[in-house]
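Colleague: Dropping in data.txt, with compact mmCIF, N, CA and C atoms.
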# COMPACT_ATOMS: atom_id res chain seq x y z
N MET S 19 -112.66 -28.40 -32.75
CA MET S 19 -113.51 -29.12 -31.83
C MET S 19 -113.14 -30.59 -31.79
N ARG S 20 -112.95 -31.18 -32.93
CA ARG S 20 -112.58 -32.59 -33.01
C ARG S 20 -111.22 -32.82 -32.33
N GLN S 21 -110.32 -31.87 -32.51
CA GLN S 21 -108.99 -31.99 -31.91
C GLN S 21 -109.07 -31.96 -30.39
N LYS S 22 -109.90 -31.09 -29.84
CA LYS S 22 -110.06 -31.01 -28.38
C LYS S 22 -110.65 -32.31 -27.85
N PHE S 23 -111.65 -32.84 -28.54
CA PHE S 23 -112.26 -34.10 -28.14
C PHE S 23 -111.21 -35.20 -28.11
N PHE S 24 -110.39 -35.30 -29.13
CA PHE S 24 -109.33 -36.30 -29.21
C PHE S 24 -108.37 -36.17 -28.04
N LEU S 25 -107.98 -34.94 -27.72
CA LEU S 25 -107.05 -34.71 -26.60
C LEU S 25 -107.68 -35.12 -25.27
N VAL S 26 -108.95 -34.83 -25.09
CA VAL S 26 -109.63 -35.22 -23.85
C VAL S 26 -109.70 -36.74 -23.74
N VAL S 27 -110.03 -37.41 -24.83
CA VAL S 27 -110.09 -38.88 -24.82
C VAL S 27 -108.72 -39.46 -24.50
N MET S 28 -107.68 -38.94 -25.11
CA MET S 28 -106.32 -39.44 -24.85
C MET S 28 -105.90 -39.22 -23.40
N ALA S 29 -106.27 -38.08 -22.85
CA ALA S 29 -105.94 -37.80 -21.45
C ALA S 29 -106.67 -38.77 -20.52
N CYS S 30 -107.92 -39.08 -20.83
CA CYS S 30 -108.69 -40.03 -20.02
C CYS S 30 -108.07 -41.43 -20.09
N ILE S 31 -107.64 -41.83 -21.27
CA ILE S 31 -107.00 -43.14 -21.43
C ILE S 31 -105.71 -43.19 -20.63
N ALA S 32 -104.91 -42.15 -20.72
CA ALA S 32 -103.65 -42.11 -19.98
C ALA S 32 -103.90 -42.16 -18.48
N ALA S 33 -104.90 -41.44 -18.01
CA ALA S 33 -105.19 -41.43 -16.57
C ALA S 33 -105.71 -42.77 -16.10
N SER S 34 -106.52 -43.43 -16.91
CA SER S 34 -107.08 -44.71 -16.48
C SER S 34 -106.05 -45.82 -16.52
N SER S 35 -104.99 -45.68 -17.33
CA SER S 35 -103.98 -46.72 -17.39
C SER S 35 -102.86 -46.51 -16.39
N ALA S 36 -102.90 -45.40 -15.66
CA ALA S 36 -101.87 -45.15 -14.65
C ALA S 36 -102.01 -46.19 -13.54
N ARG S 37 -100.89 -46.74 -13.15
CA ARG S 37 -100.89 -47.76 -12.10
C ARG S 37 -100.48 -47.13 -10.79
N ALA S 38 -100.90 -47.79 -9.74
CA ALA S 38 -100.41 -47.41 -8.43
C ALA S 38 -98.94 -47.81 -8.34
N GLY S 39 -98.21 -47.15 -7.50
CA GLY S 39 -96.82 -47.49 -7.26
C GLY S 39 -96.60 -47.83 -5.80
N THR S 40 -95.45 -48.37 -5.50
CA THR S 40 -95.16 -48.76 -4.12
C THR S 40 -95.22 -47.58 -3.16
N TRP S 41 -95.04 -46.35 -3.65
CA TRP S 41 -95.06 -45.17 -2.79
C TRP S 41 -96.48 -44.66 -2.53
N ASP S 42 -97.48 -45.37 -3.00
CA ASP S 42 -98.86 -44.95 -2.83
C ASP S 42 -99.55 -45.60 -1.63
N GLY S 43 -98.78 -46.15 -0.71
CA GLY S 43 -99.36 -46.76 0.49
C GLY S 43 -100.15 -48.02 0.17
N VAL S 44 -99.46 -49.04 -0.30
CA VAL S 44 -100.12 -50.25 -0.82
C VAL S 44 -100.20 -51.40 0.19
N TYR S 45 -99.80 -51.18 1.42
CA TYR S 45 -99.88 -52.19 2.48
C TYR S 45 -100.21 -51.46 3.78
N THR S 46 -100.58 -52.21 4.80
CA THR S 46 -100.87 -51.59 6.10
C THR S 46 -99.74 -51.89 7.09
N ASP S 47 -99.68 -51.09 8.13
CA ASP S 47 -98.69 -51.34 9.19
C ASP S 47 -98.93 -52.69 9.86
N ALA S 48 -100.21 -53.04 10.06
CA ALA S 48 -100.53 -54.32 10.69
C ALA S 48 -100.03 -55.48 9.81
N GLN S 49 -100.17 -55.34 8.52
CA GLN S 49 -99.69 -56.37 7.60
C GLN S 49 -98.17 -56.48 7.67
N ALA S 50 -97.48 -55.36 7.71
CA ALA S 50 -96.02 -55.39 7.81
C ALA S 50 -95.57 -56.02 9.13
N GLU S 51 -96.32 -55.80 10.20
CA GLU S 51 -96.00 -56.44 11.49
C GLU S 51 -96.13 -57.95 11.39
N ARG S 52 -97.20 -58.41 10.76
CA ARG S 52 -97.34 -59.86 10.55
C ARG S 52 -96.20 -60.38 9.68
N GLY S 53 -95.84 -59.60 8.66
CA GLY S 53 -94.72 -59.97 7.80
C GLY S 53 -93.41 -60.05 8.54
N HIS S 54 -93.22 -59.14 9.51
CA HIS S 54 -92.00 -59.16 10.32
C HIS S 54 -91.89 -60.47 11.09
N THR S 55 -93.01 -60.87 11.70
CA THR S 55 -93.03 -62.13 12.45
C THR S 55 -92.71 -63.31 11.53
N LEU S 56 -93.34 -63.35 10.37
CA LEU S 56 -93.08 -64.44 9.41
C LEU S 56 -91.65 -64.40 8.90
N TYR S 57 -91.13 -63.19 8.65
CA TYR S 57 -89.76 -63.04 8.19
C TYR S 57 -88.79 -63.62 9.24
N MET S 58 -89.00 -63.27 10.49
CA MET S 58 -88.11 -63.75 11.55
C MET S 58 -88.16 -65.28 11.65
N GLN S 59 -89.32 -65.87 11.42
CA GLN S 59 -89.47 -67.32 11.50
C GLN S 59 -88.90 -68.04 10.28
N SER S 60 -89.05 -67.47 9.10
CA SER S 60 -88.74 -68.22 7.87
C SER S 60 -87.60 -67.67 7.03
N CYS S 61 -87.20 -66.43 7.24
CA CYS S 61 -86.24 -65.80 6.33
C CYS S 61 -84.96 -65.31 7.01
N SER S 62 -85.05 -64.98 8.29
CA SER S 62 -83.93 -64.33 8.96
C SER S 62 -82.70 -65.21 9.12
N ARG S 63 -82.88 -66.51 9.16
CA ARG S 63 -81.70 -67.37 9.34
C ARG S 63 -80.75 -67.26 8.15
N CYS S 64 -81.26 -66.89 6.99
CA CYS S 64 -80.38 -66.69 5.82
C CYS S 64 -80.10 -65.21 5.57
N HIS S 65 -81.15 -64.39 5.57
CA HIS S 65 -81.00 -62.97 5.22
C HIS S 65 -80.63 -62.10 6.42
N GLY S 66 -80.69 -62.67 7.62
CA GLY S 66 -80.33 -61.93 8.83
C GLY S 66 -81.51 -61.18 9.42
N ALA S 67 -81.46 -61.00 10.73
CA ALA S 67 -82.54 -60.29 11.43
C ALA S 67 -82.65 -58.85 10.97
N ASN S 68 -81.53 -58.27 10.52
CA ASN S 68 -81.53 -56.88 10.06
C ASN S 68 -81.67 -56.76 8.54
N LEU S 69 -81.94 -57.87 7.85
CA LEU S 69 -82.15 -57.95 6.40
C LEU S 69 -80.89 -57.61 5.59
N ALA S 70 -79.74 -57.57 6.24
CA ALA S 70 -78.51 -57.16 5.57
C ALA S 70 -77.86 -58.28 4.74
N GLY S 71 -78.34 -59.51 4.88
CA GLY S 71 -77.75 -60.61 4.13
C GLY S 71 -76.38 -60.99 4.69
N THR S 72 -75.67 -61.82 3.94
CA THR S 72 -74.33 -62.24 4.30
C THR S 72 -73.47 -62.16 3.05
N TYR S 73 -72.30 -62.68 3.12
CA TYR S 73 -71.42 -62.69 1.95
C TYR S 73 -72.07 -63.44 0.79
N GLU S 74 -72.78 -64.50 1.09
CA GLU S 74 -73.40 -65.33 0.04
C GLU S 74 -74.88 -65.05 -0.20
N ILE S 75 -75.55 -64.49 0.79
CA ILE S 75 -77.00 -64.25 0.71
C ILE S 75 -77.24 -62.76 0.50
N PRO S 76 -78.05 -62.39 -0.50
CA PRO S 76 -78.25 -60.95 -0.78
C PRO S 76 -79.04 -60.24 0.31
N PRO S 77 -78.77 -58.95 0.47
CA PRO S 77 -79.54 -58.15 1.43
C PRO S 77 -80.94 -57.89 0.89
N LEU S 78 -81.84 -57.57 1.79
CA LEU S 78 -83.21 -57.24 1.40
C LEU S 78 -83.55 -55.78 1.69
N VAL S 79 -82.53 -55.01 1.95
CA VAL S 79 -82.64 -53.55 2.10
C VAL S 79 -81.54 -52.91 1.26
N GLY S 80 -81.73 -51.65 0.93
CA GLY S 80 -80.69 -50.94 0.17
C GLY S 80 -80.60 -51.39 -1.28
N ARG S 81 -79.50 -52.01 -1.64
CA ARG S 81 -79.27 -52.36 -3.05
C ARG S 81 -80.25 -53.40 -3.58
N PHE S 82 -81.02 -53.99 -2.71
CA PHE S 82 -82.08 -54.91 -3.09
C PHE S 82 -83.16 -54.22 -3.93
N MET S 83 -83.50 -52.99 -3.58
CA MET S 83 -84.62 -52.29 -4.20
C MET S 83 -84.46 -52.06 -5.71
N PRO S 84 -83.35 -51.51 -6.18
CA PRO S 84 -83.25 -51.26 -7.63
C PRO S 84 -83.33 -52.52 -8.48
N TYR S 85 -83.03 -53.66 -7.92
CA TYR S 85 -83.09 -54.91 -8.68
C TYR S 85 -84.49 -55.15 -9.23
N TRP S 86 -85.51 -54.73 -8.51
CA TRP S 86 -86.90 -54.98 -8.90
C TRP S 86 -87.52 -53.81 -9.65
N SER S 87 -86.76 -52.75 -9.87
CA SER S 87 -87.25 -51.58 -10.58
C SER S 87 -87.75 -51.95 -11.97
N GLY S 88 -88.86 -51.34 -12.36
CA GLY S 88 -89.41 -51.60 -13.68
C GLY S 88 -90.35 -52.79 -13.73
N THR S 89 -90.54 -53.46 -12.60
CA THR S 89 -91.46 -54.59 -12.55
C THR S 89 -92.70 -54.17 -11.76
N THR S 90 -93.60 -55.09 -11.58
CA THR S 90 -94.71 -54.88 -10.67
C THR S 90 -94.47 -55.77 -9.46
N LEU S 91 -95.18 -55.50 -8.39
CA LEU S 91 -94.93 -56.25 -7.15
C LEU S 91 -95.17 -57.74 -7.29
N ASP S 92 -95.93 -58.15 -8.29
CA ASP S 92 -96.16 -59.58 -8.44
C ASP S 92 -94.88 -60.33 -8.80
N ALA S 93 -93.89 -59.67 -9.41
CA ALA S 93 -92.63 -60.34 -9.73
C ALA S 93 -91.90 -60.75 -8.44
N LEU S 94 -91.82 -59.83 -7.48
CA LEU S 94 -91.20 -60.14 -6.19
C LEU S 94 -92.02 -61.19 -5.44
N PHE S 95 -93.33 -61.01 -5.41
CA PHE S 95 -94.22 -61.95 -4.75
C PHE S 95 -94.06 -63.35 -5.34
N ASP S 96 -94.06 -63.46 -6.66
CA ASP S 96 -93.92 -64.77 -7.32
C ASP S 96 -92.58 -65.42 -6.99
N TYR S 97 -91.52 -64.61 -6.95
CA TYR S 97 -90.20 -65.15 -6.61
C TYR S 97 -90.21 -65.70 -5.19
N ILE S 98 -90.71 -64.91 -4.26
CA ILE S 98 -90.76 -65.36 -2.87
C ILE S 98 -91.64 -66.61 -2.75
N SER S 99 -92.76 -66.62 -3.46
CA SER S 99 -93.71 -67.74 -3.38
C SER S 99 -93.15 -69.05 -3.90
N THR S 100 -92.28 -68.98 -4.90
CA THR S 100 -91.79 -70.21 -5.52
C THR S 100 -90.36 -70.60 -5.11
N ALA S 101 -89.55 -69.64 -4.68
CA ALA S 101 -88.15 -69.94 -4.40
C ALA S 101 -87.76 -69.84 -2.92
N MET S 102 -88.62 -69.30 -2.10
CA MET S 102 -88.29 -69.08 -0.70
C MET S 102 -89.30 -69.78 0.21
N PRO S 103 -88.91 -70.10 1.43
CA PRO S 103 -87.55 -70.10 1.94
C PRO S 103 -86.70 -71.16 1.24
N LEU S 104 -85.42 -70.92 1.23
CA LEU S 104 -84.50 -71.75 0.46
C LEU S 104 -84.60 -73.23 0.83
N ASP S 105 -84.81 -73.53 2.10
CA ASP S 105 -84.89 -74.93 2.52
C ASP S 105 -86.28 -75.55 2.34
N ARG S 106 -87.29 -74.72 2.04
CA ARG S 106 -88.66 -75.19 1.82
C ARG S 106 -89.37 -74.32 0.80
N PRO S 107 -88.88 -74.26 -0.44
CA PRO S 107 -89.49 -73.36 -1.43
C PRO S 107 -90.99 -73.59 -1.57
N GLY S 108 -91.73 -72.49 -1.57
CA GLY S 108 -93.17 -72.57 -1.76
C GLY S 108 -93.96 -73.00 -0.54
N ALA S 109 -93.30 -73.13 0.61
CA ALA S 109 -93.97 -73.65 1.80
C ALA S 109 -94.96 -72.67 2.42
N LEU S 110 -94.77 -71.39 2.19
CA LEU S 110 -95.66 -70.39 2.79
C LEU S 110 -96.83 -70.09 1.86
N GLY S 111 -97.95 -69.76 2.42
CA GLY S 111 -99.14 -69.46 1.63
C GLY S 111 -99.11 -68.06 1.04
N ALA S 112 -100.08 -67.76 0.19
CA ALA S 112 -100.16 -66.47 -0.49
C ALA S 112 -100.28 -65.31 0.50
N GLY S 113 -101.10 -65.47 1.53
CA GLY S 113 -101.25 -64.41 2.53
C GLY S 113 -99.96 -64.13 3.27
N ALA S 114 -99.25 -65.18 3.65
CA ALA S 114 -97.97 -65.02 4.34
C ALA S 114 -96.95 -64.33 3.45
N ASN S 115 -96.91 -64.70 2.19
CA ASN S 115 -95.96 -64.08 1.27
C ASN S 115 -96.29 -62.62 1.03
N ALA S 116 -97.57 -62.27 0.95
CA ALA S 116 -97.96 -60.86 0.81
C ALA S 116 -97.55 -60.08 2.06
N ASP S 117 -97.70 -60.69 3.23
CA ASP S 117 -97.27 -60.03 4.47
C ASP S 117 -95.76 -59.80 4.48
N ILE S 118 -95.00 -60.76 3.99
CA ILE S 118 -93.54 -60.61 3.94
C ILE S 118 -93.17 -59.50 2.97
N VAL S 119 -93.83 -59.43 1.83
CA VAL S 119 -93.57 -58.34 0.88
C VAL S 119 -93.86 -57.00 1.56
N ALA S 120 -94.96 -56.91 2.31
CA ALA S 120 -95.28 -55.68 3.04
C ALA S 120 -94.16 -55.32 4.01
N PHE S 121 -93.64 -56.31 4.73
CA PHE S 121 -92.54 -56.07 5.65
C PHE S 121 -91.29 -55.58 4.91
N LEU S 122 -90.99 -56.15 3.76
CA LEU S 122 -89.83 -55.71 2.98
C LEU S 122 -90.00 -54.27 2.51
N LEU S 123 -91.21 -53.91 2.10
CA LEU S 123 -91.46 -52.52 1.70
C LEU S 123 -91.25 -51.58 2.88
N LYS S 124 -91.81 -51.93 4.03
CA LYS S 124 -91.66 -51.09 5.22
C LYS S 124 -90.19 -50.97 5.62
N SER S 125 -89.45 -52.06 5.52
CA SER S 125 -88.04 -52.06 5.90
C SER S 125 -87.19 -51.21 4.96
N ASN S 126 -87.72 -50.94 3.78
CA ASN S 126 -87.03 -50.08 2.82
C ASN S 126 -87.64 -48.68 2.76
N ASN S 127 -88.33 -48.31 3.86
CA ASN S 127 -88.90 -46.98 4.04
C ASN S 127 -89.96 -46.59 3.03
N ILE S 128 -90.66 -47.58 2.50
CA ILE S 128 -91.80 -47.33 1.62
C ILE S 128 -93.01 -47.12 2.55
N PRO S 129 -93.77 -46.04 2.38
CA PRO S 129 -94.85 -45.76 3.33
C PRO S 129 -96.02 -46.74 3.25
N SER S 130 -96.66 -46.93 4.39
CA SER S 130 -97.84 -47.79 4.45
C SER S 130 -99.07 -46.98 4.07
N GLY S 131 -100.20 -47.67 3.98
CA GLY S 131 -101.46 -47.01 3.65
C GLY S 131 -102.61 -47.67 4.37
N GLY S 132 -103.79 -47.57 3.80
CA GLY S 132 -104.98 -48.07 4.46
C GLY S 132 -105.51 -49.38 3.91
N LYS S 133 -104.89 -49.92 2.87
CA LYS S 133 -105.40 -51.14 2.26
C LYS S 133 -104.30 -52.20 2.25
N GLU S 134 -104.67 -53.42 2.58
CA GLU S 134 -103.68 -54.50 2.61
C GLU S 134 -103.28 -54.94 1.21
N LEU S 135 -102.05 -55.32 1.10
CA LEU S 135 -101.52 -55.91 -0.12
C LEU S 135 -102.03 -57.33 -0.22
N SER S 136 -102.45 -57.74 -1.41
CA SER S 136 -102.89 -59.12 -1.60
C SER S 136 -102.42 -59.61 -2.95
N ASN S 137 -102.40 -60.91 -3.12
CA ASN S 137 -101.94 -61.44 -4.40
C ASN S 137 -102.88 -61.04 -5.54
N ALA S 138 -104.09 -60.55 -5.22
CA ALA S 138 -105.03 -60.11 -6.25
C ALA S 138 -104.68 -58.74 -6.83
N ASN S 139 -103.98 -57.89 -6.08
CA ASN S 139 -103.69 -56.55 -6.58
C ASN S 139 -102.22 -56.30 -6.91
N LEU S 140 -101.38 -57.29 -6.82
CA LEU S 140 -99.94 -57.11 -7.02
C LEU S 140 -99.56 -56.69 -8.44
N LYS S 141 -100.26 -57.21 -9.44
CA LYS S 141 -99.92 -56.88 -10.84
C LYS S 141 -100.22 -55.42 -11.17
N ALA S 142 -101.05 -54.78 -10.38
CA ALA S 142 -101.44 -53.40 -10.64
C ALA S 142 -100.56 -52.39 -9.90
N ILE S 143 -99.50 -52.86 -9.24
CA ILE S 143 -98.65 -51.96 -8.45
C ILE S 143 -97.23 -51.98 -9.00
N ASN S 144 -96.79 -50.84 -9.53
CA ASN S 144 -95.42 -50.72 -10.02
C ASN S 144 -94.44 -50.75 -8.86
N PHE S 145 -93.32 -51.42 -9.08
CA PHE S 145 -92.27 -51.45 -8.07
C PHE S 145 -91.37 -50.25 -8.31
N ASP S 146 -91.56 -49.21 -7.51
CA ASP S 146 -90.76 -47.98 -7.61
C ASP S 146 -89.77 -47.96 -6.46
N PRO S 147 -88.48 -48.21 -6.73
CA PRO S 147 -87.51 -48.25 -5.63
C PRO S 147 -87.26 -46.89 -4.97
N SER S 148 -87.48 -45.83 -5.69
CA SER S 148 -87.34 -44.50 -5.09
C SER S 148 -88.61 -43.71 -5.38
N LYS S 149 -88.86 -42.72 -4.56
CA LYS S 149 -90.08 -41.96 -4.67
C LYS S 149 -90.12 -41.23 -6.02
N PRO S 150 -91.17 -41.47 -6.82
CA PRO S 150 -91.25 -40.82 -8.12
C PRO S 150 -91.47 -39.32 -7.97
N ARG S 151 -90.90 -38.60 -8.88
CA ARG S 151 -91.12 -37.14 -8.88
C ARG S 151 -92.47 -36.89 -9.53
N ARG S 152 -93.25 -36.07 -8.91
CA ARG S 152 -94.57 -35.71 -9.45
C ARG S 152 -94.42 -34.50 -10.36
N ALA S 153 -95.17 -34.51 -11.43
CA ALA S 153 -95.13 -33.38 -12.37
C ALA S 153 -95.69 -32.14 -11.67
N ARG S 154 -95.07 -31.00 -11.97
CA ARG S 154 -95.56 -29.73 -11.40
C ARG S 154 -96.80 -29.29 -12.14
N LYS S 155 -97.69 -28.68 -11.38
CA LYS S 155 -98.94 -28.19 -12.00
C LYS S 155 -98.80 -26.76 -12.41
Using the file provided, produce a representation of the structure as C-alpha cells.
Modeller:
Amino acid sequence: MRQKFFLVVMACIAASSARAGTWDGVYTDAQAERGHTLYMQSCSRCHGANLAGTYEIPPLVGRFMPYWSGTTLDALFDYISTAMPLDRPGALGAGANADIVAFLLKSNNIPSGGKELSNANLKAINFDPSKPRRARK
C-alpha cells in the first residue's frame, strides 16, 4: 500500500513539472502576423525577407532551430530583446519581441494555438526544434 502511494505521488510530481513545448500551440496566428510586420520593418534588412540570412548573417529558419534546443523560449526572447536589431539593440518592446518570436516559430512550421505568447510565460515553454515523440499508451 505504501509503495502504491509513493508511486502515485511521484507520478503526480512528474506530471505537474512537465512543461509546455513549442509544439503545444504557444502563440496565435494573429500574433505571428503582427510579428511578420515587425520582422519586415526591423529584421529583414539583415536576415532577409525570407529569413534565409546571408553569408554573414545567420538564417532564422532551418538550421536556426537546433541552436536553441534544450532551452526555454525565454532564451531566444532575451537574446532578441537585448541584441536585436543590430543597429538598435533593445529598441523594441517586450510585446513586439514576443510577436517576432511567434513569427519565427510560425516560419519554422511550429503550429499556432489559442493563447498568445508573452514574456510572462516564456520560461515555462521548452524550445523543441522538432516535434517530440509521444509515449505510446
Colleague: What is the distance, in Å and to one decimal place, between atom N of Gly43 of chain S and atom CA of Lys141 of chain S?
Modeller: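 Going from atom N of Gly43 of chain S over to atom CA of Lys141 of chain S covers 14.8 Å.
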Colleague: What box, with edges along x, y and z, holds each listed atom of segment 142-145 of chain S when 5 Å is added on every side, and can you state its centre and edge lengths in Å to one decimal, as lines of an AutoDock Vina configuration file?
Modeller:
center_x = -96.4
center_y = -52.5
center_z = -9.4
size_x = 20.1
size_y = 14.5
size_z = 12.6
Colleague: Quote the spacing between atom C of Ser136 of chain S and atom CA of Pro107 of chain S in Å to one decimal place.
Modeller: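 Taking atom C of Ser136 of chain S and atom CA of Pro107 of chain S, their separation equals 18.9 Å.
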Colleague: DSSP on the backbone, strand (DSSP E or B) only: what residues of chain S does that give? Format it as a ChimeraX atom specification.
Modeller: /S:38-39,90,143-144
Colleague: In terms of the shortest atom-to-atom distance over only N, CA and C atoms, which of S:Pro103, S:Gly80, S:Gly113, S:Gly53 is closest to Leu135 of chain S?
Modeller: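 So, comparing all the options, the nearest one is S:Gly113.
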Colleague: Given only C-alpha atoms as the basis, pick out the residue of S:Ala112, S:Ile128, S:Ala142, S:Ile75 nearest to Ser62 of chain S.
Modeller: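 Checking each candidate against Ser62 of chain S, we get S:Ile75 as the closest.
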Colleague: Tell me, in Å to one decimal, how far atom CA of Asn126 of chain S is from atom CA of Gly111 of chain S.
Modeller: 22.9 Å
Colleague: For segment 115-120 of chain S, list every protein, DNA or RNA residue within 8 Å, evaluated using all atoms listed in the file, and leave out those in the same chain fewer than 5 positions away; present the list as a PDB file with N, CA and C atoms, in the frame of the given file.
Modeller:
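The resulting result-v5.pdb:
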ATOM      1  N   VAL S  44     -99.460 -49.040  -0.300  1.00  0.00           N
ATOM      2  CA  VAL S  44    -100.120 -50.250  -0.820  1.00  0.00           C
ATOM      3  C   VAL S  44    -100.200 -51.400   0.190  1.00  0.00           C
ATOM      4  N   TYR S  45     -99.800 -51.180   1.420  1.00  0.00           N
ATOM      5  CA  TYR S  45     -99.880 -52.190   2.480  1.00  0.00           C
ATOM      6  C   TYR S  45    -100.210 -51.460   3.780  1.00  0.00           C
ATOM      7  N   THR S  46    -100.580 -52.210   4.800  1.00  0.00           N
ATOM      8  CA  THR S  46    -100.870 -51.590   6.100  1.00  0.00           C
ATOM      9  C   THR S  46     -99.740 -51.890   7.090  1.00  0.00           C
ATOM     10  N   ASP S  47     -99.680 -51.090   8.130  1.00  0.00           N
ATOM     11  CA  ASP S  47     -98.690 -51.340   9.190  1.00  0.00           C
ATOM     12  C   ASP S  47     -98.930 -52.690   9.860  1.00  0.00           C
ATOM     13  N   ALA S  48    -100.210 -53.040  10.060  1.00  0.00           N
ATOM     14  CA  ALA S  48    -100.530 -54.320  10.690  1.00  0.00           C
ATOM     15  C   ALA S  48    -100.030 -55.480   9.810  1.00  0.00           C
ATOM     16  N   GLN S  49    -100.170 -55.340   8.520  1.00  0.00           N
ATOM     17  CA  GLN S  49     -99.690 -56.370   7.600  1.00  0.00           C
ATOM     18  C   GLN S  49     -98.170 -56.480   7.670  1.00  0.00           C
ATOM     19  N   ALA S  50     -97.480 -55.360   7.710  1.00  0.00           N
ATOM     20  CA  ALA S  50     -96.020 -55.390   7.810  1.00  0.00           C
ATOM     21  C   ALA S  50     -95.570 -56.020   9.130  1.00  0.00           C
ATOM     22  N   GLU S  51     -96.320 -55.800  10.200  1.00  0.00           N
ATOM     23  CA  GLU S  51     -96.000 -56.440  11.490  1.00  0.00           C
ATOM     24  C   GLU S  51     -96.130 -57.950  11.390  1.00  0.00           C
ATOM     25  N   ARG S  52     -97.200 -58.410  10.760  1.00  0.00           N
ATOM     26  CA  ARG S  52     -97.340 -59.860  10.550  1.00  0.00           C
ATOM     27  C   ARG S  52     -96.200 -60.380   9.680  1.00  0.00           C
ATOM     28  N   GLY S  53     -95.840 -59.600   8.660  1.00  0.00           N
ATOM     29  CA  GLY S  53     -94.720 -59.970   7.800  1.00  0.00           C
ATOM     30  C   GLY S  53     -93.410 -60.050   8.540  1.00  0.00           C
ATOM     31  N   HIS S  54     -93.220 -59.140   9.510  1.00  0.00           N
ATOM     32  CA  HIS S  54     -92.000 -59.160  10.320  1.00  0.00           C
ATOM     33  C   HIS S  54     -91.890 -60.470  11.090  1.00  0.00           C
ATOM     34  N   THR S  55     -93.010 -60.870  11.700  1.00  0.00           N
ATOM     35  CA  THR S  55     -93.030 -62.130  12.450  1.00  0.00           C
ATOM     36  C   THR S  55     -92.710 -63.310  11.530  1.00  0.00           C
ATOM     37  N   LEU S  56     -93.340 -63.350  10.370  1.00  0.00           N
ATOM     38  CA  LEU S  56     -93.080 -64.440   9.410  1.00  0.00           C
ATOM     39  C   LEU S  56     -91.650 -64.400   8.900  1.00  0.00           C
ATOM     40  N   TYR S  57     -91.130 -63.190   8.650  1.00  0.00           N
ATOM     41  CA  TYR S  57     -89.760 -63.040   8.190  1.00  0.00           C
ATOM     42  C   TYR S  57     -88.790 -63.620   9.240  1.00  0.00           C
ATOM     43  N   LEU S  94     -91.820 -59.830  -7.480  1.00  0.00           N
ATOM     44  CA  LEU S  94     -91.200 -60.140  -6.190  1.00  0.00           C
ATOM     45  C   LEU S  94     -92.020 -61.190  -5.440  1.00  0.00           C
ATOM     46  N   PHE S  95     -93.330 -61.010  -5.410  1.00  0.00           N
ATOM     47  CA  PHE S  95     -94.220 -61.950  -4.750  1.00  0.00           C
ATOM     48  C   PHE S  95     -94.060 -63.350  -5.340  1.00  0.00           C
ATOM     49  N   ILE S  98     -90.710 -64.910  -4.260  1.00  0.00           N
ATOM     50  CA  ILE S  98     -90.760 -65.360  -2.870  1.00  0.00           C
ATOM     51  C   ILE S  98     -91.640 -66.610  -2.750  1.00  0.00           C
ATOM     52  N   SER S  99     -92.760 -66.620  -3.460  1.00  0.00           N
ATOM     53  CA  SER S  99     -93.710 -67.740  -3.380  1.00  0.00           C
ATOM     54  C   SER S  99     -93.150 -69.050  -3.900  1.00  0.00           C
ATOM     55  N   LEU S 110     -94.770 -71.390   2.190  1.00  0.00           N
ATOM     56  CA  LEU S 110     -95.660 -70.390   2.790  1.00  0.00           C
ATOM     57  C   LEU S 110     -96.830 -70.090   1.860  1.00  0.00           C
ATOM     58  N   SER S 125     -89.450 -52.060   5.520  1.00  0.00           N
ATOM     59  CA  SER S 125     -88.040 -52.060   5.900  1.00  0.00           C
ATOM     60  C   SER S 125     -87.190 -51.210   4.960  1.00  0.00           C
ATOM     61  N   ASN S 126     -87.720 -50.940   3.780  1.00  0.00           N
ATOM     62  CA  ASN S 126     -87.030 -50.080   2.820  1.00  0.00           C
ATOM     63  C   ASN S 126     -87.640 -48.680   2.760  1.00  0.00           C
ATOM     64  N   GLU S 134    -104.670 -53.420   2.580  1.00  0.00           N
ATOM     65  CA  GLU S 134    -103.680 -54.500   2.610  1.00  0.00           C
ATOM     66  C   GLU S 134    -103.280 -54.940   1.210  1.00  0.00           C
ATOM     67  N   LEU S 135    -102.050 -55.320   1.100  1.00  0.00           N
ATOM     68  CA  LEU S 135    -101.520 -55.910  -0.120  1.00  0.00           C
ATOM     69  C   LEU S 135    -102.030 -57.330  -0.220  1.00  0.00           C
ATOM     70  N   SER S 136    -102.450 -57.740  -1.410  1.00  0.00           N
ATOM     71  CA  SER S 136    -102.890 -59.120  -1.600  1.00  0.00           C
ATOM     72  C   SER S 136    -102.420 -59.610  -2.950  1.00  0.00           C
ATOM     73  N   ASN S 137    -102.400 -60.910  -3.120  1.00  0.00           N
ATOM     74  CA  ASN S 137    -101.940 -61.440  -4.400  1.00  0.00           C
ATOM     75  C   ASN S 137    -102.880 -61.040  -5.540  1.00  0.00           C
TER      76      ASN S 137
END
Colleague: Where in chain S does DSSP assign alpha helix (DSSP H), given as a VMD selection string?
Modeller: chain S and resid 20 to 35 47 to 60 62 to 65 82 to 85 91 to 101 112 to 125
Colleague: Which of these, S:Thr40, S:Cys61, S:Asp146, S:Arg151, has the shortest distance to Gly88 of chain S once you count all atoms listed in the file?
Modeller: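 Of S:Thr40, S:Cys61, S:Asp146, S:Arg151, the one nearest Gly88 of chain S is S:Asp146, counting all atoms listed in the file.
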Colleague: Export segment 54-66 of chain S from the structure block above, keeping C-alpha atoms, as a PDB file, in the first residue's frame.
Modeller:
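Resulting contents of part-v9.pdb:
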ATOM      1  CA  HIS S  54       5.743  39.335 -39.525  1.00  0.00           C
ATOM      2  CA  THR S  55       5.065  43.052 -39.885  1.00  0.00           C
ATOM      3  CA  LEU S  56       7.612  43.891 -37.171  1.00  0.00           C
ATOM      4  CA  TYR S  57      10.136  41.469 -38.664  1.00  0.00           C
ATOM      5  CA  MET S  58       9.849  43.114 -42.083  1.00  0.00           C
ATOM      6  CA  GLN S  59      10.346  46.554 -40.510  1.00  0.00           C
ATOM      7  CA  SER S  60      13.193  45.738 -38.116  1.00  0.00           C
ATOM      8  CA  CYS S  61      14.864  42.440 -39.037  1.00  0.00           C
ATOM      9  CA  SER S  62      14.550  41.713 -42.748  1.00  0.00           C
ATOM     10  CA  ARG S  63      17.249  44.119 -43.894  1.00  0.00           C
ATOM     11  CA  CYS S  64      19.821  41.818 -42.259  1.00  0.00           C
ATOM     12  CA  HIS S  65      18.145  38.386 -42.111  1.00  0.00           C
ATOM     13  CA  GLY S  66      16.277  38.778 -45.411  1.00  0.00           C
TER      14      GLY S  66
END
